[in-house]
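See structure below.
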Amino acid sequence: MTDRPGPLPIVENSERNEVAASSRPPFPVWSGWDVAFLFSFAAFSIVMLAAAGEAAKHLVHSKLPALRFLLQPSYEGVYLFLFQALLDLLIWLFIYFTITLKYNAPFLESLKWRPKSQLRVPWCIAAGIVLALAVLGTSTLFPNPQESPIEKLLKVPLTAFLFATLGVLVAPFVEEIIFRGFLYPVVERRFGKAGALVATALLFSGVHVSQLWGSWPAIILITVVGFTLSSIRAQTDALLPSFVVHLAYNSTICLLFLIGVLVDGFPI
């Protein structure tokens, strides 16, 4: 007579869920130290890009007299565009390689790119359009006491179109990755949703202060935009909704600016 194996132990659903949860990587996989390294890397990149720009200007001025026309003030906006585009690329690469190489994790999935429920794209687009119209409408009620740096740059047609391109094709994706993708979950893990919302919204507005300096109404409005985007990230627990709202917001601003140019011409 052979011994028969006894009945298999019954694993309760709660136990299975605990085992599955324990096997999942923590969210986020990166830490506060990685955020600190990001700030250090961004500061270092700003210094190096600025130094490279000054070196290029010196080279043109001293060695390449045929290209000295590129040093005219009218080209200043083009250089700022290139500076911002390169800085965005470097920061995005830092975040990408931190997640994929340092922690061997999938990039978008680790950022909680897709919401758990179906994304309501029309609602997100409508929210971005309404937000843009509300900001523009409010700004007309509180005129700027002085001209901001971004307003001066937008008077040059080439600069205006370059910044519009950057604002639609690059800024929504990169800024959402940085603020509400990489920074938000680290702050949320330490200080909760409210702390993460406030911190990312203020940081978001802070990076735009240099463009809007001298125009306190515009700075307050961009802070409201930051709070709105961070609130969407907090409510949906995903990055894609805030990205779509951000994209719709920037696209509406740029489209209305383009319509204004076609109707009235560039501001003088």
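Ordering of the structure tokens sets the chain letters (A, B, ...); residue numbers start at 1 within each chain; ligands are numbered from 1 in the order shown.
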
A:Leu67: which residues within 12 Å, counting only C-alpha atoms, same-chain residues fewer than 6 positions away excluded, as a list in words?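 Selected residues are Ala56, Lys57, His58, Leu59, Val60 and His61 of chain A.
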
Within 7 Å of stretch 176-188 of chain A, counting only C-alpha atoms, which residues qualify if same-chain residues fewer than 6 places away don't, as a compact mmCIF listing (two decimals) with N, CA and C atoms, in the first residue's frame?
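To be explicit, this is the file written out as result26.txt:
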```
# COMPACT_ATOMS: atom_id res chain seq x y z
N PRO A 28 7.78 54.71 -5.99
CA PRO A 28 8.59 54.52 -7.20
C PRO A 28 9.84 53.71 -6.92
N SER A 31 14.62 56.81 -5.65
CA SER A 31 14.55 57.35 -4.30
C SER A 31 14.75 58.86 -4.29
N GLY A 32 14.69 59.43 -3.10
CA GLY A 32 14.93 60.85 -2.95
C GLY A 32 16.34 61.25 -3.35
N VAL A 35 16.37 62.06 -6.94
CA VAL A 35 15.82 63.40 -7.17
C VAL A 35 16.89 64.45 -6.88
N LEU A 111 6.60 55.03 -14.32
CA LEU A 111 6.08 56.38 -14.07
C LEU A 111 4.57 56.40 -13.87
N GLY A 195 1.20 67.10 0.06
CA GLY A 195 2.56 67.62 -0.02
C GLY A 195 3.13 67.53 -1.42
N ALA A 196 2.84 66.41 -2.10
CA ALA A 196 3.34 66.24 -3.47
C ALA A 196 2.68 67.24 -4.42
N THR A 200 5.18 69.97 -6.25
CA THR A 200 5.37 69.92 -7.71
C THR A 200 4.76 71.13 -8.40
N PHE A 204 7.00 73.62 -10.53
CA PHE A 204 6.60 73.84 -11.92
C PHE A 204 6.53 75.33 -12.23
N SER A 230 -1.11 69.09 -11.26
CA SER A 230 -0.76 68.19 -10.16
C SER A 230 -2.00 67.58 -9.52
N ARG A 233 -3.03 64.73 -11.66
CA ARG A 233 -2.12 63.59 -11.40
C ARG A 233 -2.49 62.89 -10.10
N LEU A 239 -0.02 59.49 -15.15
CA LEU A 239 0.64 60.64 -15.75
C LEU A 239 0.00 61.05 -17.07
N PHE A 243 -0.73 64.86 -18.81
CA PHE A 243 -0.02 65.17 -20.06
C PHE A 243 -0.98 65.65 -21.14
```

Find the distance between atom CA of A:Ala126 and atom CA of A:Thr228 and write it in Å to one decimal.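 Atom-to-atom, atom CA of A:Ala126 to atom CA of A:Thr228, that is 13.6 Å.
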
Which of these residues is nearest to A:Leu221, using only C-alpha atoms: A:Thr165, A:Thr252, A:Thr159, A:Ser205?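 Counting only C-alpha atoms, the residue closest to A:Leu221 is A:Ser205.
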
Would you mind listing what lies within 12 Å of stretch 43-47 of chain A as a short mmCIF file (atom, residue, chain, number, x, y, z; two decimals) with C-alpha atoms, in the first residue's frame, with only C-alpha atoms counted and same-chain residues fewer than 2 positions away left out?
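Everything below was put into result-v5.cif:
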```
data_model
loop_
_atom_site.label_atom_id
_atom_site.label_comp_id
_atom_site.auth_asym_id
_atom_site.auth_seq_id
_atom_site.Cartn_x
_atom_site.Cartn_y
_atom_site.Cartn_z
CA ALA A 36 18.72 65.19 -5.47
CA PHE A 37 21.07 63.91 -8.18
CA LEU A 38 18.61 65.20 -10.79
CA PHE A 39 18.71 68.70 -9.33
CA SER A 40 22.52 68.58 -9.23
CA PHE A 41 22.68 67.28 -12.78
CA LEU A 49 25.48 74.75 -21.63
CA ALA A 50 25.90 78.41 -20.73
CA ALA A 51 29.68 78.04 -20.80
CA ALA A 52 29.52 76.27 -24.16
CA GLY A 53 27.36 79.06 -25.52
CA GLU A 54 29.78 81.74 -24.37
CA LEU A 80 17.54 80.46 -25.83
CA PHE A 83 19.51 76.07 -24.79
CA GLN A 84 16.08 75.02 -23.50
CA ALA A 85 15.74 72.16 -25.99
CA LEU A 86 19.16 70.74 -25.08
CA LEU A 87 18.49 71.11 -21.36
CA ASP A 88 15.15 69.30 -21.71
CA LEU A 89 16.85 66.50 -23.64
CA LEU A 90 19.61 66.07 -21.06
CA ILE A 91 17.17 65.98 -18.12
CA PHE A 94 18.95 61.42 -17.01
#
```

According to DSSP computed on the backbone, where in stretch 51-116 of chain A is there alpha helix (DSSP H)? Give the residues as an MDAnalysis selection string. chainID A and resid 51:63 76:97 107:110

Report the distance between atom CA of A:Trp213 and atom CA of A:Leu162 in Å, rounded to one decimal place.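 Straight-line distance from atom CA of A:Trp213 to atom CA of A:Leu162 works out to 20.5 Å.
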
Contact residues around A:Tyr75 with only C-alpha atoms at 9 Å, ignoring same-chain residues under 4 positions, as a list in words: Phe69, Leu70, Leu71, Tyr79, Leu80, Val156, Leu158 and Thr159 of chain A

Give me the residues within 12 Å of stretch 130-137 of chain A as number ranges by chain, counting only C-alpha atoms and dropping any in the same chain fewer than 5 places off. A: 123-125, 142-143, 217-229, 245-257
